[in-house]
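Here the structure comes first, spelled out in structure tokens, and everything after it is commentary.
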Amino acid sequence: MSESKLRNLSMDFSIQIINLVKELKGKHESVISNQIGRSGTSIGANIYEANYAQGKKDFISKLEIALKEASETGYWLELLYKTNYINEEKYKSLNDQCTSIRVMLVASCRTAKSNS
């Protein structure tokens with residue numbers, strides 16, 4: 001699995017999260033939109049930061065933070081769906097992308113840990 005693929009997926013996901021936040025703000029929803037905006041864009045930021053980590057432990061730490069943020073984002077997506085702020089199609093699309101990123105992050109963390 002390519003680190004650049006993970007970076008690209010996380011960037012694309014961040015863009016979709018920002019667009020979702022704009023949509024939610026248009027519906028006057030600010031509590032969850034602020035939360036998902038932070039967690040959803042933090043995934044990619046931490047993946048990008050990992051590229052300039054100060055050693056293997058820092059690299060793993062950044063990826064683990066990205067994984068936590070992805071997990072939190074999954075929670076907010078489910079909450080938005082269950083409160084009818086997003087429809088099933090949007091939920092499934094975003095959740096599938098978030099899940100793919102989580103799977104890749106878990107694999108990357110395992111690989112990094114086994115190589116250290």
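A note on labels: chains of the structure tokens are A, B, ... as shown, every chain counts residues from 1, and ligands are counted from 1 in their shown order.
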Non-local contacts of Ser33 of chain A (12 Å; only C-alpha atoms; under 2 positions in same chain excluded) as an MDAnalysis selection string: chainID A and resid 17:31 35:41 73 76:77 79:80 85:86
Write down as a ChimeraX atom specification the residues of chain A whose backbone DSSP state falls under helix (DSSP H, G or I). /A:3-26,31-50,56-82,88-114
Selection near Ile60 of chain A, 12 Å with only C-alpha atoms, sequence-local residues under 5 positions removed, as an mmCIF file with C-alpha atoms, in the first residue's frame:
data_model
loop_
_atom_site.group_PDB
_atom_site.id
_atom_site.type_symbol
_atom_site.label_atom_id
_atom_site.label_comp_id
_atom_site.auth_asym_id
_atom_site.auth_seq_id
_atom_site.Cartn_x
_atom_site.Cartn_y
_atom_site.Cartn_z
ATOM 1 C CA ASN A 46 -1.710 14.067 10.692
ATOM 2 C CA ILE A 47 -0.946 11.797 7.740
ATOM 3 C CA GLU A 49 2.722 15.464 9.337
ATOM 4 C CA ALA A 50 3.859 11.853 9.616
ATOM 5 C CA ASN A 51 5.965 12.372 6.496
ATOM 6 C CA TYR A 52 8.180 14.730 8.490
ATOM 7 C CA ALA A 53 8.181 12.798 11.726
ATOM 8 C CA GLN A 54 11.162 12.987 14.034
ATOM 9 C CA GLY A 55 11.787 9.273 14.026
ATOM 10 C CA ILE A 65 -3.682 10.147 15.939
ATOM 11 C CA ALA A 66 -5.019 10.113 12.374
ATOM 12 C CA LEU A 67 -6.670 6.760 13.143
ATOM 13 C CA LEU A 105 -4.001 3.473 8.697
ATOM 14 C CA VAL A 106 -4.241 0.273 10.749
ATOM 15 C CA ALA A 107 -2.142 -1.552 8.154
ATOM 16 C CA SER A 108 0.408 1.278 8.035
ATOM 17 C CA CYS A 109 0.697 1.348 11.834
ATOM 18 C CA ARG A 110 1.194 -2.417 11.984
ATOM 19 C CA THR A 111 3.853 -2.293 9.266
ATOM 20 C CA ALA A 112 5.678 0.610 10.927
ATOM 21 C CA LYS A 113 5.602 -1.121 14.316
ATOM 22 C CA SER A 114 6.879 -4.407 12.896
ATOM 23 C CA ASN A 115 9.725 -2.577 11.116
ATOM 24 C CA SER A 116 10.892 -0.825 14.274
#
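Straight-line separation from atom CA of Cys98 of chain A to atom CA of Phe13 of chain A: 7.5 Å.
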To one decimal in Å, tell me the separation between atom CA of Glu88 of chain A and atom CA of Tyr75 of chain A.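 Distance between the two atoms: 14.7 Å.
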Tell me, as a PyMOL selection string, which residues lie within 9 Å of Lys68 of chain A, counting only C-alpha atoms; anything in the same chain fewer than 4 positions away does not count. chain A and resi 39+43+63-64+72-73+102
Create the file for the chosen residues now, containing C-alpha atoms and written as an mmCIF file, in the first residue's frame.
data_model
loop_
_atom_site.group_PDB
_atom_site.id
_atom_site.type_symbol
_atom_site.label_atom_id
_atom_site.label_comp_id
_atom_site.auth_asym_id
_atom_site.auth_seq_id
_atom_site.Cartn_x
_atom_site.Cartn_y
_atom_site.Cartn_z
ATOM 1 C CA SER A 39 -11.833 15.600 13.098
ATOM 2 C CA ILE A 43 -6.966 12.881 9.531
ATOM 3 C CA LEU A 63 -0.641 7.767 12.172
ATOM 4 C CA GLU A 64 -2.324 6.635 15.394
ATOM 5 C CA GLU A 72 -14.272 10.078 15.679
ATOM 6 C CA THR A 73 -15.287 11.215 12.205
ATOM 7 C CA ARG A 102 -8.972 3.601 8.769
#
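Taking atom CA of Met11 of chain A as the reference point, atom CA of Gly44 of chain A is found at 5.8 Å.
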Which one of A:Asp58, A:Glu78, A:Glu69, A:Glu3 sits closest to Met104 of chain A if you count only C-alpha atoms?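 The closest residue to Met104 of chain A is A:Glu3.
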With only C-alpha atoms as the counted atoms, please give the residues lying no more than 10 Å from Ser4 of chain A, apart from itself and same-chain residues fewer than 4 positions off, as a VMD selection string. chain A and resid 8 to 10 47 to 48
